[in-house]
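Peer 1: If you scroll down you'll find the structure; I have some questions about it.
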Amino acid sequence: MTESTVNKVIENIRVQSAQLTQIRKFYDDFQAFSHLNFEINTFLNEIKNNPDSQGDFQKLSDMLNRYTYSFYEFVTFSEIYAKKKDKKILFDNLIADQYDSFYEYRVAYYLGNFVKHVSQFIPLKSFYNSDVYKISISNVKVLEIDTEETVKGKNVFKEKQEVDLLNYLDTTYDCIEIQMRCFIKHILIDEKACDYYKNTYPFIEKNGFPAYIDSTDPKHIKISKPNDNVLDLQIQVARITNEIGLTHFNIID
């Protein structure tokens, strides 16, 4: 066993730890986003069934503000990751395609920038009769408030005067869920991850987890137990991939 071999294994562990941490971030951020989606839908049902709550736009707007900001932060992080890792597949074929295909995605993107930099109050509009209670996001009001919006953002808001809130919630949720699944799978089949599975496990099985090397005496390389949480992360990622149905992915032989 040479010092270079141990160093390679340690580097593989470092890379894998970073990858597993990224998987958990995508998953945990989606779970937080999903919880906000559930809260808003629950409140909308309460409004529908309780006429006394139908004027509580302040609470609904605050919930929608947090939801939209969560969306904006998720897709912004996704864009950075996609451009860095695999622009064609992850950015062009996934993120850009969602942006072009779904009006609600485009609105949410610029509305996220709106709640981050301009106002934490998202203007809403309601329509009510004996059969229907409909709530929409008022793009007209957003444009009135946000006079400094970019030309591209203004053009998006001008596409429609308002956006049905239920469609907004459903579409943005579906898009984020697909992104989460695709990014986690991409991490799992990354060549460096495969290199870890290919080279590191046999070493660990034989020698244990390395954490640092004491090579004061070149004839004796001491390997200590790790202070890292790689094993814990692996267990969490195994649970995550099982929950979202990504248990089968390719590993280089």
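Ligands are numbered from 1 in the order shown, chains are lettered A, B, ... in the order of the structure tokens, and residues start at 1 in each chain.
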Counting only C-alpha atoms, which residues in region 158-192 of chain A sit no more than 10 Å from region 84-90 of chain A? For each one, give the nearest pair of atoms and the distance in Å, sorted by chain then residue number, as JSON lines.
Peer 2:
```
{"residue": "A:Gln179", "atom": "CA", "partner": "A:Leu90", "partner_atom": "CA", "distance": 8.7}
{"residue": "A:Cys182", "atom": "CA", "partner": "A:Leu90", "partner_atom": "CA", "distance": 8.0}
{"residue": "A:Phe183", "atom": "CA", "partner": "A:Leu90", "partner_atom": "CA", "distance": 7.7}
{"residue": "A:His186", "atom": "CA", "partner": "A:Leu90", "partner_atom": "CA", "distance": 8.6}
{"residue": "A:Ile187", "atom": "CA", "partner": "A:Lys85", "partner_atom": "CA", "distance": 9.4}
{"residue": "A:Asp190", "atom": "CA", "partner": "A:Lys85", "partner_atom": "CA", "distance": 9.4}
```
Peer 1: Among region 41-214 of chain A, which ones does DSSP assign to strand (DSSP E) (computed from the backbone)? Answer as a list in words.
Peer 2: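 Answer for region 41-214 of chain A, restricted to strand (DSSP E): Leu124, Lys125, Ser126, Phe127, Tyr128, Tyr133, Lys134, Ile135, Ser136, Ile137, Ser138, Glu162, Val163, Asp164, Ile213 and Asp214 of chain A.
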Peer 1: What are the closest atom pairs, with distances in Å to one decimal, for each residue of region 117-156 of chain A lying within 10 Å of region 24-47 of chain A, using only C-alpha atoms, rows by chain and rising residue number, as CSV?
Peer 2:
```
residue,atom,partner,partner_atom,distance
A:Tyr133,CA,A:Ile47,CA,8.7
A:Lys134,CA,A:Leu44,CA,9.7
A:Ile135,CA,A:Leu44,CA,8.9
```
Peer 1: Restricting the calculation to only C-alpha atoms, which member of A:Phe209, A:Phe102, A:Tyr197, A:Tyr67 is positioned closest to Asp174 (chain A)?
Peer 2: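 Counting only C-alpha atoms, the residue closest to Asp174 (chain A) is A:Phe102.
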Peer 1: To test your reading of the structure, identify every residue in region 49-241 of chain A that backbone DSSP assigns to helix (DSSP H, G or I), and report it as number ranges by chain.
Peer 2: A: 49, 51-53, 57-85, 87-101, 103-117, 139-145, 151-158, 165-188, 191-207, 230-241
Peer 1: Could you pull the residues within 10 Å of Gln58 (chain A), counting only C-alpha atoms, minus those fewer than 2 positions along the same chain, as a list of chain:residue names?
Peer 2: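 These residues fall inside the cut-off: A:Gly55, A:Asp56, A:Leu60, A:Ser61, A:Asp62, A:Met63, A:Leu64, A:Phe121, A:Ile122, A:Pro123, A:Leu124.
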Peer 1: Rounded to one decimal place, report the CA of Ile23 (chain A)-CA of Val237 (chain A) distance in Å.
Peer 2: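 Interatomic distance here is 7.0 Å.
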Peer 1: So how many Å separate CA of Asn155 (chain A) and CA of Met180 (chain A), to one decimal?
Peer 2: 28.1 Å
Peer 1: How many Å separate CA of Leu231 (chain A) from CA of Gly245 (chain A)?
Peer 2: 21.0 Å
Peer 1: Just checking: using only C-alpha atoms, which residue out of A:Thr2, A:Ser136, A:Asn65, A:Thr241 ends up closest to Gln120 (chain A)?
Peer 2: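 Smallest distance to Gln120 (chain A) is found for A:Asn65.
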Peer 1: Nearest residue to Cys175 (chain A) out of A:Ile189, A:Ile95, A:Val118, A:Ile235, using only C-alpha atoms?
Peer 2: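 Of all the options, A:Ile95 lies closest to Cys175 (chain A).
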Peer 1: Leaving out Gly112 (chain A) and any residue of its chain fewer than 3 positions from it, which residues lie within 6 Å of it when counting only C-alpha atoms, given as a list of chain:residue names?
Peer 2: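 Listing them by chain and then by number gives A:Thr68, A:Tyr69, A:Tyr72, A:Ala108, A:Tyr109, A:Val115.
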Peer 1: Which is closer to Tyr81 (chain A) than all the others in A:Cys194, A:Glu149, A:Asn207, A:Gln19, using only C-alpha atoms?
Peer 2: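 Comparing A:Cys194, A:Glu149, A:Asn207, A:Gln19 against Tyr81 (chain A), the winner is A:Gln19.
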